[in-house]
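First comes the structure, then the notes that go with it.
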Amino acid sequence: MSTTTLNDSERSALPPVKTRQKRYGADQVSGRRMGLRMAIGAVVALVFLLPYAIMLVGSLKTRSEILAVPPAYFPTEGLQWSNYATMWETPETPLPYNLISTIIIAVFATLLVLLVATPAAYYTARFRFPGKTVFLFLVIVTQMLQPAVLTAGLFREMLLLGINDTWLAMILINAAFNLSFALWIMHSFFAAIPKEIDEAAQLDGAGKLTVMFRVNLPLVWPGIVTAVIFTFVSSWNEFAASLVIMSTAENQPLSVALTKFIGQYATSWQYVFGISIVAIIPVIILFALIEKRLIGGLTAGAVK
């Protein structure tokens, strides 16, 4: 075994070796930037979380503390956990029934939207048919209409159908006004999937329904999750149509029941804050449960 050594003249003839420059001159610089980013993130989080913190603290105060001048930022008479028990026992506002009504309307409206929007989005993204562009344009135009504008017409329509003041009426109304957004969202996800995937599945003997459910749906989970979140939150917070259509106190959702604590001469702010906190919890649970599905859909789409 022989080794080759270079003399000084040969070594000087070689091209200079480029050294990779570090992005940061010292660890102090990167740590300083990281600290700045964390500080900015904390400020942004505080801005978004502050209203919820104010509602939570306000729900644990007495009415006199909330209306006190100058205001007290924290309860001075102790935490009034009894507010959460008292608000459920108000005879004029049956909150347990209102909560059940809100859950049923939001859940079934979301399921109905998915049942109709999924095959419609798949068909419009995968197949050509006469008037396809006009159909999609009319679908997006319906998104410009809101229940608040059509409350009088909706009331007469539900009255003629004999389903006024029922859960079914609000399920249909919420599904109708959220269908266009869900269809467009899932249409864009279906259209982004290469058609070669469908052709390969059909060559393996898969039918159209099998291609849609077993091949395409796992790839469009992010779109389905977006449609679910948007529809559920929109149905959960809907107010205008519920105020007109639902006249029975037990059938009204929380968004309408909340207004009964706001009077012309007096407002029970501690109960308003408490109901608002309770109304937020199911939405937070939905996000917590559906986050894994969103990540799973993204990874499944990347693998396949």
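In the structure tokens, chains take the letters A, B, ... in the order shown, each chain's residues start at 1, and ligands count up from 1 in the order shown.
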request  = For stretch 127-140 of chain A, list every protein, DNA or RNA residue within 8 Å, evaluated using only C-alpha atoms, and leave out those in the same chain fewer than 2 positions away; present the list as an MDAnalysis selection string.
outcome  = chainID A and resid 123:125 142:144 180:181 184
Resulting file, chosen residues, N, CA, C and O atoms, as a PDB file, in the first residue's frame:
```pdb
ATOM      1  N   TYR A 123     -68.909  13.821  -8.634  1.00  0.00           N
ATOM      2  CA  TYR A 123     -69.412  13.742 -10.009  1.00  0.00           C
ATOM      3  C   TYR A 123     -69.020  14.985 -10.809  1.00  0.00           C
ATOM      4  O   TYR A 123     -68.592  14.875 -11.968  1.00  0.00           O
ATOM      5  N   THR A 124     -69.152  16.161 -10.219  1.00  0.00           N
ATOM      6  CA  THR A 124     -68.813  17.381 -10.948  1.00  0.00           C
ATOM      7  C   THR A 124     -67.318  17.490 -11.206  1.00  0.00           C
ATOM      8  O   THR A 124     -66.891  18.148 -12.171  1.00  0.00           O
ATOM      9  N   ALA A 125     -66.484  16.874 -10.366  1.00  0.00           N
ATOM     10  CA  ALA A 125     -65.033  16.943 -10.548  1.00  0.00           C
ATOM     11  C   ALA A 125     -64.520  15.888 -11.512  1.00  0.00           C
ATOM     12  O   ALA A 125     -63.480  16.087 -12.149  1.00  0.00           O
ATOM     13  N   THR A 142     -75.651  30.765  -4.621  1.00  0.00           N
ATOM     14  CA  THR A 142     -76.492  30.541  -3.447  1.00  0.00           C
ATOM     15  C   THR A 142     -75.756  30.856  -2.148  1.00  0.00           C
ATOM     16  O   THR A 142     -76.392  31.103  -1.121  1.00  0.00           O
ATOM     17  N   GLN A 143     -74.425  30.855  -2.187  1.00  0.00           N
ATOM     18  CA  GLN A 143     -73.651  31.188  -0.989  1.00  0.00           C
ATOM     19  C   GLN A 143     -73.820  32.654  -0.619  1.00  0.00           C
ATOM     20  O   GLN A 143     -73.588  33.033   0.537  1.00  0.00           O
ATOM     21  N   MET A 144     -74.226  33.484  -1.583  1.00  0.00           N
ATOM     22  CA  MET A 144     -74.426  34.903  -1.299  1.00  0.00           C
ATOM     23  C   MET A 144     -75.696  35.163  -0.504  1.00  0.00           C
ATOM     24  O   MET A 144     -75.855  36.227   0.089  1.00  0.00           O
ATOM     25  N   SER A 180     -73.592  24.622  -0.518  1.00  0.00           N
ATOM     26  CA  SER A 180     -72.792  25.148  -1.626  1.00  0.00           C
ATOM     27  C   SER A 180     -71.313  25.244  -1.252  1.00  0.00           C
ATOM     28  O   SER A 180     -70.440  24.878  -2.045  1.00  0.00           O
ATOM     29  N   PHE A 181     -71.026  25.718  -0.046  1.00  0.00           N
ATOM     30  CA  PHE A 181     -69.626  25.828   0.375  1.00  0.00           C
ATOM     31  C   PHE A 181     -68.980  24.447   0.465  1.00  0.00           C
ATOM     32  O   PHE A 181     -67.853  24.247  -0.004  1.00  0.00           O
ATOM     33  N   TRP A 184     -68.261  23.028  -3.057  1.00  0.00           N
ATOM     34  CA  TRP A 184     -67.118  23.641  -3.731  1.00  0.00           C
ATOM     35  C   TRP A 184     -65.797  23.221  -3.110  1.00  0.00           C
ATOM     36  O   TRP A 184     -64.810  22.991  -3.814  1.00  0.00           O
TER      37      TRP A 184
END
```
request  = Would you list the contacts of A:Thr166 as a list in words, taking every protein, DNA or RNA residue within 9 Å and counting only C-alpha atoms, but skipping same-chain residues closer than 6 positions in sequence?
outcome  =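 Counting only C-alpha atoms, the residues come to Ile245, Met246, Thr248 and Asn251 of chain A.
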message = List as a VMD selection string the protein and nucleic acid residues near A:Ile105, meaning an atom at most 12 Å away when only C-alpha atoms are counted, but skip any in the same chain fewer than 5 places from it.
response = chain A and resid 98 to 100 110 to 112 166 to 175 231 to 238 242 246 251 to 254
Selection to disk with N, CA, C and O atoms, as a short mmCIF file (atom, residue, chain, number, x, y, z; two decimals), in the first residue's frame:
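Ended up saving to selection-v2.cif:
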```cif
data_model
loop_
_atom_site.label_atom_id
_atom_site.label_comp_id
_atom_site.auth_asym_id
_atom_site.auth_seq_id
_atom_site.Cartn_x
_atom_site.Cartn_y
_atom_site.Cartn_z
N ASN A 98 -82.56 23.33 25.19
CA ASN A 98 -81.95 24.16 24.15
C ASN A 98 -80.62 23.57 23.69
O ASN A 98 -80.30 23.59 22.50
N LEU A 99 -79.84 23.03 24.63
CA LEU A 99 -78.56 22.42 24.27
C LEU A 99 -78.78 21.17 23.43
O LEU A 99 -78.10 20.95 22.41
N ILE A 100 -79.75 20.34 23.83
CA ILE A 100 -80.06 19.13 23.05
C ILE A 100 -80.54 19.51 21.65
O ILE A 100 -80.15 18.90 20.65
N THR A 110 -75.10 18.69 9.45
CA THR A 110 -73.77 18.35 8.93
C THR A 110 -73.78 17.02 8.19
O THR A 110 -73.20 16.90 7.11
N LEU A 111 -74.45 16.02 8.75
CA LEU A 111 -74.54 14.71 8.09
C LEU A 111 -75.28 14.82 6.76
O LEU A 111 -74.89 14.19 5.77
N LEU A 112 -76.35 15.61 6.73
CA LEU A 112 -77.10 15.77 5.49
C LEU A 112 -76.26 16.47 4.42
O LEU A 112 -76.31 16.09 3.23
N THR A 166 -90.03 22.94 14.17
CA THR A 166 -89.53 21.58 14.36
C THR A 166 -88.04 21.54 14.08
O THR A 166 -87.50 22.40 13.39
N TRP A 167 -87.39 20.51 14.60
CA TRP A 167 -85.97 20.32 14.32
C TRP A 167 -85.73 20.09 12.83
O TRP A 167 -84.73 20.54 12.29
N LEU A 168 -86.66 19.37 12.19
CA LEU A 168 -86.49 19.06 10.77
C LEU A 168 -86.38 20.33 9.94
O LEU A 168 -85.57 20.40 9.00
N ALA A 169 -87.17 21.33 10.27
CA ALA A 169 -87.13 22.59 9.52
C ALA A 169 -85.75 23.23 9.61
O ALA A 169 -85.17 23.65 8.59
N MET A 170 -85.19 23.30 10.79
CA MET A 170 -83.87 23.93 10.95
C MET A 170 -82.75 23.07 10.37
O MET A 170 -81.75 23.60 9.90
N ILE A 171 -82.91 21.75 10.40
CA ILE A 171 -81.91 20.88 9.77
C ILE A 171 -81.87 21.13 8.27
O ILE A 171 -80.79 21.27 7.68
N LEU A 172 -83.03 21.22 7.65
CA LEU A 172 -83.09 21.47 6.20
C LEU A 172 -82.55 22.86 5.86
O LEU A 172 -81.83 23.02 4.86
N ILE A 173 -82.90 23.85 6.65
CA ILE A 173 -82.45 25.21 6.37
C ILE A 173 -80.93 25.32 6.51
O ILE A 173 -80.25 25.88 5.64
N ASN A 174 -80.38 24.80 7.60
CA ASN A 174 -78.93 24.87 7.79
C ASN A 174 -78.18 24.07 6.73
O ASN A 174 -77.13 24.50 6.24
N ALA A 175 -78.72 22.92 6.37
CA ALA A 175 -78.07 22.11 5.33
C ALA A 175 -78.10 22.84 3.99
O ALA A 175 -77.11 22.82 3.24
N THR A 231 -69.64 23.53 8.32
CA THR A 231 -71.08 23.29 8.42
C THR A 231 -71.53 23.20 9.87
O THR A 231 -72.56 23.78 10.26
N PHE A 232 -70.76 22.48 10.68
CA PHE A 232 -71.15 22.30 12.09
C PHE A 232 -71.13 23.64 12.83
O PHE A 232 -72.09 23.97 13.54
N VAL A 233 -70.07 24.40 12.67
CA VAL A 233 -69.97 25.68 13.38
C VAL A 233 -71.03 26.65 12.89
O VAL A 233 -71.65 27.38 13.69
N SER A 234 -71.28 26.67 11.59
CA SER A 234 -72.30 27.57 11.05
C SER A 234 -73.69 27.18 11.55
O SER A 234 -74.50 28.05 11.92
N SER A 235 -73.99 25.89 11.59
CA SER A 235 -75.29 25.43 12.10
C SER A 235 -75.40 25.66 13.60
O SER A 235 -76.48 25.97 14.11
N TRP A 236 -74.30 25.50 14.30
CA TRP A 236 -74.31 25.69 15.76
C TRP A 236 -74.58 27.15 16.12
O TRP A 236 -75.27 27.43 17.11
N ASN A 237 -74.07 28.07 15.33
CA ASN A 237 -74.19 29.49 15.65
C ASN A 237 -75.36 30.17 14.95
O ASN A 237 -75.56 31.38 15.14
N GLU A 238 -76.12 29.47 14.14
CA GLU A 238 -77.20 30.09 13.37
C GLU A 238 -78.23 30.72 14.30
O GLU A 238 -78.65 30.12 15.28
N SER A 242 -83.54 30.63 13.15
CA SER A 242 -84.05 29.96 14.36
C SER A 242 -84.96 30.87 15.15
O SER A 242 -85.96 30.41 15.74
N MET A 246 -88.41 28.84 15.04
CA MET A 246 -88.62 28.10 16.30
C MET A 246 -89.29 29.01 17.32
O MET A 246 -88.67 29.94 17.85
N ASN A 251 -87.67 23.99 21.87
CA ASN A 251 -87.09 23.66 20.56
C ASN A 251 -86.02 24.64 20.11
O ASN A 251 -85.29 24.36 19.16
N GLN A 252 -85.92 25.77 20.74
CA GLN A 252 -84.98 26.80 20.31
C GLN A 252 -83.55 26.41 20.63
O GLN A 252 -83.27 25.80 21.66
N PRO A 253 -82.60 26.77 19.77
CA PRO A 253 -81.18 26.50 20.04
C PRO A 253 -80.61 27.48 21.06
O PRO A 253 -81.26 28.45 21.44
N LEU A 254 -79.37 27.24 21.46
CA LEU A 254 -78.74 28.09 22.46
C LEU A 254 -78.58 29.53 21.98
O LEU A 254 -78.63 30.47 22.79
#
```
query = Can you tell me how far atom CA of A:Thr118 sits from atom CA of A:Ile285, in Å to one decimal?
reply = 23.9 Å
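Considering only C-alpha atoms, the residue among A:Met186, A:Ile224, A:Ser59, A:Ile290 positioned nearest to A:Thr86 is A:Ser59.
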ask   = If you run DSSP on the backbone, which residues of stretch 18-237 of chain A are helix (DSSP H, G or I), as number ranges by chain?
value = A: 27-59, 63-66, 82-87, 95-126, 132-144, 151-161, 167-192, 195-203, 208-237
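Using only C-alpha atoms, the nearest neighbour of A:Leu243 within the list A:Leu179, A:Met212, A:Gly162, A:Pro147 is A:Pro147.
Nearest-residue note for A:Asn83: choosing from A:Ala121, A:Val225, A:Leu60, A:Ala266, the minimum distance belongs to A:Leu60, counting only C-alpha atoms.
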message = Neighbouring residues of A:Gly58 were defined as those with any atom within 12 Å, considering only C-alpha atoms; residues of the same chain fewer than 2 positions away were excluded. Please report them as a ChimeraX atom specification.
response = /A:51-56,60-67,71-76,78-81,83-84,268-277
d(atom CA of A:Pro94, atom CA of A:Leu258) in Å =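 Atom CA of A:Leu258 lies at a distance of 10.7 Å from atom CA of A:Pro94.
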